[in-house]
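Text of final-v9.cif, listed as mmCIF, C-alpha atoms:
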data_work
#
loop_
_atom_site.label_atom_id
_atom_site.label_comp_id
_atom_site.auth_asym_id
_atom_site.auth_seq_id
_atom_site.Cartn_x
_atom_site.Cartn_y
_atom_site.Cartn_z
CA MET A 81 0.58 -29.74 -5.34
CA ALA A 82 -2.22 -29.60 -2.78
CA ALA A 83 -4.17 -26.56 -1.59
CA ILE A 84 -5.39 -25.63 1.87
CA PHE A 85 -8.27 -23.19 2.17
CA PHE A 86 -9.13 -21.45 5.43
CA ASP A 87 -12.36 -19.97 6.72
CA LEU A 88 -12.05 -16.37 7.89
CA ASP A 89 -14.52 -15.45 10.65
CA GLY A 90 -14.09 -17.72 13.64
CA THR A 91 -10.98 -19.35 12.20
CA LEU A 92 -8.27 -17.01 10.92
CA LEU A 93 -9.89 -14.15 12.83
CA GLU A 94 -12.07 -14.29 15.92
CA PHE A 95 -14.30 -11.55 17.32
CA ASP A 96 -13.43 -10.39 20.83
CA ARG A 97 -17.09 -9.71 21.69
CA ALA A 98 -20.62 -10.44 20.53
CA TYR A 99 -21.58 -8.96 17.17
CA SER A 100 -24.48 -7.09 18.79
CA SER A 101 -21.90 -5.18 20.83
CA ILE A 102 -19.94 -4.35 17.68
CA LEU A 103 -23.10 -3.06 16.03
CA SER A 104 -24.05 -1.04 19.10
CA ALA A 105 -20.62 0.57 19.11
CA ALA A 106 -21.11 1.59 15.47
CA PHE A 107 -24.41 3.29 16.27
CA ARG A 108 -22.86 5.10 19.25
CA SER A 109 -19.85 6.26 17.26
CA VAL A 110 -22.14 7.96 14.72
CA GLY A 111 -25.02 9.25 16.84
CA GLY A 112 -23.98 8.90 20.47
CA GLU A 113 -26.51 6.22 21.32
CA SER A 114 -27.61 2.71 20.44
CA ARG A 115 -31.13 1.33 20.73
CA ARG A 116 -32.17 -2.29 20.95
CA ALA A 117 -34.72 -1.74 18.18
CA TRP A 118 -31.97 -0.52 15.86
CA VAL A 119 -29.75 -3.51 16.60
CA ASP A 120 -32.58 -6.01 16.19
CA GLY A 121 -33.98 -4.32 13.09
CA TYR A 122 -30.59 -4.09 11.43
CA SER A 123 -29.77 -7.73 12.19
CA GLU A 124 -33.05 -9.01 10.74
CA ALA A 125 -32.75 -6.91 7.59
CA PHE A 126 -29.08 -7.75 7.11
CA PHE A 127 -29.48 -11.51 7.30
CA GLU A 128 -32.43 -11.45 4.94
CA ALA A 129 -30.39 -9.53 2.37
CA PHE A 130 -27.24 -11.52 3.05
CA GLU A 131 -28.81 -14.95 2.66
CA ALA A 132 -30.24 -13.85 -0.69
CA CYS A 133 -26.83 -12.45 -1.77
CA GLU A 134 -28.47 -9.08 -2.41
CA SER A 135 -26.07 -6.28 -3.24
CA GLU A 136 -24.76 -4.05 -0.45
CA PRO A 137 -26.43 -5.90 2.44
CA TYR A 138 -24.95 -3.56 5.05
CA ARG A 139 -26.41 -0.50 3.36
CA ARG A 140 -29.75 -2.23 2.79
CA ALA A 141 -29.98 -3.17 6.47
CA PHE A 142 -29.27 0.34 7.73
CA ASP A 143 -31.74 1.77 5.19
CA ALA A 144 -34.41 -0.60 6.51
CA ILE A 145 -34.44 0.78 10.04
CA ASP A 146 -35.77 4.07 11.39
CA VAL A 147 -32.60 5.84 12.46
CA ALA A 148 -31.79 9.46 11.69
CA HIS A 149 -28.17 8.99 10.64
CA GLU A 150 -26.56 8.86 7.23
CA THR A 151 -26.33 5.30 5.98
CA GLU A 152 -22.84 5.82 4.57
CA LEU A 153 -21.55 6.92 7.98
CA LEU A 154 -23.13 3.91 9.66
CA VAL A 155 -21.67 1.47 7.12
CA GLU A 156 -18.21 2.96 7.55
CA ALA A 157 -18.51 2.93 11.33
CA LEU A 158 -19.63 -0.70 11.38
CA GLN A 159 -16.77 -1.80 9.16
CA ASN A 160 -14.29 0.04 11.37
CA GLN A 161 -15.75 -1.49 14.52
CA GLU A 162 -15.82 -4.98 13.01
CA VAL A 163 -12.20 -4.79 11.90
CA ALA A 164 -11.13 -3.47 15.30
CA ALA A 165 -12.99 -6.28 17.09
CA CYS A 166 -11.18 -9.01 15.17
CA GLN A 167 -8.18 -10.78 16.61
CA PRO A 168 -5.88 -13.12 14.68
CA SER A 169 -5.97 -16.62 16.08
CA PRO A 170 -2.84 -17.51 18.04
CA ASP A 171 0.11 -18.72 15.94
CA VAL A 172 -1.72 -18.08 12.67
CA HIS A 173 1.12 -16.16 11.01
CA SER A 174 3.81 -18.64 11.98
CA ALA A 175 1.58 -21.58 11.00
CA LEU A 176 0.91 -20.08 7.57
CA ASP A 177 4.63 -19.54 7.11
CA ARG A 178 5.21 -23.23 7.80
CA LEU A 179 2.47 -24.35 5.43
CA ALA A 180 3.34 -21.98 2.57
CA GLY A 181 6.39 -23.96 1.55
CA GLU A 182 4.39 -27.16 1.11
CA PHE A 183 0.92 -26.06 -0.05
CA GLU A 184 -0.95 -23.49 -2.07
CA LEU A 185 -2.97 -21.40 0.41
CA GLY A 186 -6.39 -19.80 0.05
CA VAL A 187 -9.44 -18.47 1.85
CA VAL A 188 -13.06 -19.49 1.36
CA THR A 189 -15.27 -17.24 3.46
CA ASN A 190 -18.93 -16.35 3.64
CA GLY A 191 -19.18 -12.62 3.06
CA VAL A 192 -18.78 -9.62 0.77
CA PRO A 193 -15.38 -9.59 -0.98
CA ASP A 194 -14.28 -6.04 -0.16
CA TRP A 195 -15.42 -6.31 3.44
CA GLN A 196 -13.63 -9.61 4.04
CA ARG A 197 -10.45 -8.50 2.30
CA GLU A 198 -10.30 -5.42 4.51
CA LYS A 199 -10.21 -7.62 7.59
CA LEU A 200 -7.47 -9.79 6.11
CA ARG A 201 -5.50 -6.70 5.08
CA ALA A 202 -5.78 -5.12 8.53
CA TYR A 203 -4.05 -8.09 10.14
CA GLU A 204 -1.39 -8.64 7.45
CA LEU A 205 -3.03 -11.81 6.19
CA GLU A 206 -4.20 -10.92 2.68
CA GLU A 207 -0.79 -11.25 1.04
CA ARG A 208 -0.28 -14.71 2.53
CA PHE A 209 -2.93 -16.31 0.30
CA ASP A 210 -2.83 -17.22 -3.38
CA VAL A 211 -6.63 -17.03 -3.72
CA ILE A 212 -9.39 -15.41 -1.67
CA VAL A 213 -12.97 -16.46 -2.40
CA ALA A 214 -15.86 -14.68 -0.69
CA SER A 215 -19.26 -16.31 -1.07
CA TYR A 216 -20.83 -13.23 -2.66
CA ALA A 217 -18.52 -13.72 -5.64
CA ALA A 218 -19.89 -17.26 -6.00
CA GLY A 219 -23.55 -16.27 -5.60
CA ALA A 220 -24.11 -18.63 -2.65
CA HIS A 221 -22.80 -19.24 0.84
CA LYS A 222 -21.11 -22.26 2.38
CA PRO A 223 -22.12 -25.09 2.66
CA ASP A 224 -23.38 -24.62 -0.90
CA PRO A 225 -20.89 -26.08 -3.38
CA ALA A 226 -20.54 -22.82 -5.32
CA PRO A 227 -17.81 -21.14 -3.22
CA PHE A 228 -15.74 -24.33 -3.22
CA ARG A 229 -16.11 -24.80 -6.97
CA LEU A 230 -15.07 -21.19 -7.55
CA ALA A 231 -12.01 -21.81 -5.39
CA GLU A 232 -11.13 -24.81 -7.55
CA GLN A 233 -11.46 -22.72 -10.70
CA ARG A 234 -9.20 -20.03 -9.32
CA LEU A 235 -6.62 -22.42 -7.91
CA PRO A 236 -6.54 -25.70 -9.86
CA THR A 237 -4.59 -28.41 -8.08
CA GLU A 238 -4.72 -32.09 -7.21
CA LYS A 239 -6.11 -32.04 -3.68
CA TYR A 240 -8.04 -29.61 -1.49
CA THR A 241 -8.42 -29.32 2.26
CA MET A 242 -10.71 -26.92 4.15
CA VAL A 243 -9.88 -25.64 7.64
CA GLY A 244 -12.84 -24.10 9.43
CA ASP A 245 -14.70 -23.81 12.70
CA ASP A 246 -18.26 -24.26 11.48
CA ASP A 247 -20.40 -27.14 10.23
CA ALA A 248 -20.88 -25.20 6.98
CA ASP A 249 -17.12 -25.36 6.38
CA ILE A 250 -16.82 -29.05 7.07
CA ALA A 251 -20.03 -30.25 5.42
CA GLY A 252 -19.53 -28.00 2.41
CA ALA A 253 -15.98 -29.16 1.86
CA ASN A 254 -16.78 -32.82 2.29
CA GLY A 255 -19.76 -32.47 -0.03
CA VAL A 256 -17.51 -31.50 -2.95
CA GLY A 257 -14.88 -34.12 -2.21
CA TRP A 258 -12.45 -32.02 -0.19
CA SER A 259 -10.89 -33.22 3.03
CA SER A 260 -11.42 -31.05 6.09
CA VAL A 261 -9.95 -30.09 9.44
CA ARG A 262 -12.13 -28.53 12.11
CA TYR A 263 -10.54 -25.60 13.92
CA THR A 264 -11.55 -25.58 17.59
CA GLY A 265 -9.53 -22.57 18.75
CA GLY A 266 -6.39 -22.22 20.77
CA GLY A 267 -3.95 -21.65 17.95
CA PHE A 268 -2.82 -23.13 14.68
CA ALA A 269 0.32 -25.02 15.65
CA THR A 270 -1.55 -28.33 16.00
CA VAL A 271 -3.47 -27.71 12.76
CA ALA A 272 -0.23 -27.09 10.90
CA ASP A 273 1.32 -30.22 12.39
CA GLU A 274 -1.66 -32.31 11.25
CA LEU A 275 -1.65 -30.91 7.74
CA LEU A 276 2.09 -31.31 7.29
CA ALA A 277 1.96 -34.89 8.57
CA GLU A 278 -0.65 -35.79 5.93
CA ARG A 279 1.04 -34.16 2.93
#

Show me this structure written as structure tokens.
Amino acid sequence: MAAIFFDLDGTLLEFDRAYSSILSAAFRSVGGESRRAWVDGYSEAFFEAFEACESEPYRRAFDAIDVAHETELLVEALQNQEVAACQPSPDVHSALDRLAGEFELGVVTNGVPDWQREKLRAYELEERFDVIVASYAAGAHKPDPAPFRLAEQRLPTEKYTMVGDDDADIAGANGVGWSSVRYTGGGFATVADELLAER
């Protein structure tokens, strides 16, 4: 049996607006306003914590900026705004249905496990996958080999393919001996056709 792993952000789900707009909406929903300094300060602190796989990067980033709102409220608001801003890629559910009969299916995504699972759950995608690997669980982000190796441990099989929209997906997969398919948007029907033709 072969396994196909999908990236999440930008592949299975796509944001309908820039992330800065999502973050601004979170600030407004809690305190009625958003400031450029808050958005910039949060983004800098978040990516520093995220790249280092520090615990609770969302909380750490809000704690790092000078804003008079409760961190817990801001974290909850941002998660809600991020989930609401996601849209499933066209044909993703029907494509996964087609692939499920021929392959084991999984997700390898850069992110915090609970946060990423919430997005999958919100769009009825979580139950469609045998394994979900978020990079925080592996201690490193794609293209590092660690998330891919953890996926192999959790779903042993003969062959692996990665479907993703980013160089980190493709280079990371190829670096550990997986095949890869780059997702360029517009729906999954063609991706499913390609994968089924190569099985």

**Report entry** Selected residue, from A:Val192, A:Ala157, A:Leu93, A:Leu88, that lies nearest to Ala129 of chain A when counting all atoms listed in the file
**Finding:**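 Smallest distance to Ala129 of chain A is found for A:Val192.
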
Report task. Could you give me, as number ranges by chain, the residues within 12 Å of Ala220 of chain A, counting all atoms listed in the file and dropping anything in the same chain fewer than 6 positions from it? Result -> A: 130-134, 188-192, 213-214, 226-230, 252

**Report entry** Nearest to Ala253 of chain A by atom-to-atom distance, counting only C-alpha atoms, from A:Asp210, A:Glu113, A:Asp224, A:Glu274
**Finding:**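 Between A:Asp210, A:Glu113, A:Asp224, A:Glu274, the residue approaching Ala253 of chain A most closely is A:Asp224.
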
Query raised in the report: Where does the PyMOL selection byres ((chain A and resi 161) around 12) land in this file, that is, which residues does it pick, as a list in words?
Result: Phe95, Asp96, Arg97, Ala98, Tyr99, Ser100, Ser101, Ile102, Leu103, Ser104, Ala105, Ala106, Phe107, Arg108, Ser109, Val110, Leu154, Val155, Glu156, Ala157, Leu158, Gln159, Asn160, Glu162, Val163, Ala164, Ala165, Cys166 and Lys199 of chain A

How close does each residue of segment 175-200 of chain A get to segment 236-243 of chain A, giving the shortest atom pair and distance in Å to one decimal for every residue with an atom at most 10 Å away, counting all atoms listed in the file, sorted by chain and residue number, as JSON lines?
{"residue": "A:Phe183", "atom": "CA", "partner": "A:Tyr240", "partner_atom": "CA", "distance": 9.7}
{"residue": "A:Glu184", "atom": "CA", "partner": "A:Thr237", "partner_atom": "CA", "distance": 8.6}
{"residue": "A:Leu185", "atom": "CA", "partner": "A:Thr241", "partner_atom": "CA", "distance": 9.8}
{"residue": "A:Gly186", "atom": "CA", "partner": "A:Met242", "partner_atom": "CA", "distance": 9.3}
{"residue": "A:Val187", "atom": "CA", "partner": "A:Met242", "partner_atom": "CA", "distance": 8.8}
{"residue": "A:Val188", "atom": "CA", "partner": "A:Met242", "partner_atom": "CA", "distance": 8.3}

Create the file for the chosen residues now, containing C-alpha atoms and written as an mmCIF file, in the frame of the given file.
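File selection_12.cif, as written:
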data_model
loop_
_atom_site.group_PDB
_atom_site.id
_atom_site.type_symbol
_atom_site.label_atom_id
_atom_site.label_comp_id
_atom_site.auth_asym_id
_atom_site.auth_seq_id
_atom_site.Cartn_x
_atom_site.Cartn_y
_atom_site.Cartn_z
ATOM 1 C CA PHE A 183 0.920 -26.060 -0.050
ATOM 2 C CA GLU A 184 -0.950 -23.490 -2.070
ATOM 3 C CA LEU A 185 -2.970 -21.400 0.410
ATOM 4 C CA GLY A 186 -6.390 -19.800 0.050
ATOM 5 C CA VAL A 187 -9.440 -18.470 1.850
ATOM 6 C CA VAL A 188 -13.060 -19.490 1.360
#

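Using all atoms listed in the file, the nearest neighbour of Ala148 of chain A within the list A:Ser123, A:Ser169, A:Ser135, A:Ser114 is A:Ser114.
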
**Report entry** Interatomic distance, atom CA of Glu278 of chain A to atom CA of Glu182 of chain A (Å, one decimal)
**Finding:**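 Computing the Euclidean distance for atom CA of Glu278 of chain A and atom CA of Glu182 of chain A yields 11.1 Å.
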
**Report entry** Shell around Glu204 of chain A at 12 Å using all atoms listed in the file, local window under 2 positions removed, as a VMD selection string
**Finding:** chain A and resid 92 to 93 167 to 168 172 to 173 176 197 to 202 206 to 209

Just write the chosen residues, C-alpha atoms, as a short mmCIF file (atom, residue, chain, number, x, y, z; two decimals), in the coordinates of the input.
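The result, written out as result_12.cif:
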data_model
loop_
_atom_site.label_atom_id
_atom_site.label_comp_id
_atom_site.auth_asym_id
_atom_site.auth_seq_id
_atom_site.Cartn_x
_atom_site.Cartn_y
_atom_site.Cartn_z
CA LEU A 92 -8.27 -17.01 10.92
CA LEU A 93 -9.89 -14.15 12.83
CA GLN A 167 -8.18 -10.78 16.61
CA PRO A 168 -5.88 -13.12 14.68
CA VAL A 172 -1.72 -18.08 12.67
CA HIS A 173 1.12 -16.16 11.01
CA LEU A 176 0.91 -20.08 7.57
CA ARG A 197 -10.45 -8.50 2.30
CA GLU A 198 -10.30 -5.42 4.51
CA LYS A 199 -10.21 -7.62 7.59
CA LEU A 200 -7.47 -9.79 6.11
CA ARG A 201 -5.50 -6.70 5.08
CA ALA A 202 -5.78 -5.12 8.53
CA GLU A 206 -4.20 -10.92 2.68
CA GLU A 207 -0.79 -11.25 1.04
CA ARG A 208 -0.28 -14.71 2.53
CA PHE A 209 -2.93 -16.31 0.30
#

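From atom CA of Tyr263 of chain A back to atom CA of Gly244 of chain A, the distance works out to 5.3 Å.
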
Report, as AutoDock Vina command-line options, the axis-aligned box around all atoms of segment 149-159 of chain A present in the file, extended by 6 Å on each side; give centre and edge lengths in Å to one decimal place.
--center_x -22.5 --center_y 3.6 --center_z 8.0 --size_x 23.4 --size_y 22.8 --size_z 18.8

Can you translate the PyMOL selection byres ((chain A and resi 265) around 9) into the concrete residues it hits in this file, as an mmCIF file with C-alpha atoms, in the coordinates of the input?
data_model
loop_
_atom_site.group_PDB
_atom_site.id
_atom_site.type_symbol
_atom_site.label_atom_id
_atom_site.label_comp_id
_atom_site.auth_asym_id
_atom_site.auth_seq_id
_atom_site.Cartn_x
_atom_site.Cartn_y
_atom_site.Cartn_z
ATOM 1 C CA GLY A 90 -14.090 -17.720 13.640
ATOM 2 C CA THR A 91 -10.980 -19.350 12.200
ATOM 3 C CA SER A 169 -5.970 -16.620 16.080
ATOM 4 C CA PRO A 170 -2.840 -17.510 18.040
ATOM 5 C CA ASP A 245 -14.700 -23.810 12.700
ATOM 6 C CA TYR A 263 -10.540 -25.600 13.920
ATOM 7 C CA THR A 264 -11.550 -25.580 17.590
ATOM 8 C CA GLY A 266 -6.390 -22.220 20.770
ATOM 9 C CA GLY A 267 -3.950 -21.650 17.950
ATOM 10 C CA PHE A 268 -2.820 -23.130 14.680
#

Report summary line: atom CA of Asp247 of chain A to atom CA of Arg139 of chain A measures 28.2 Å
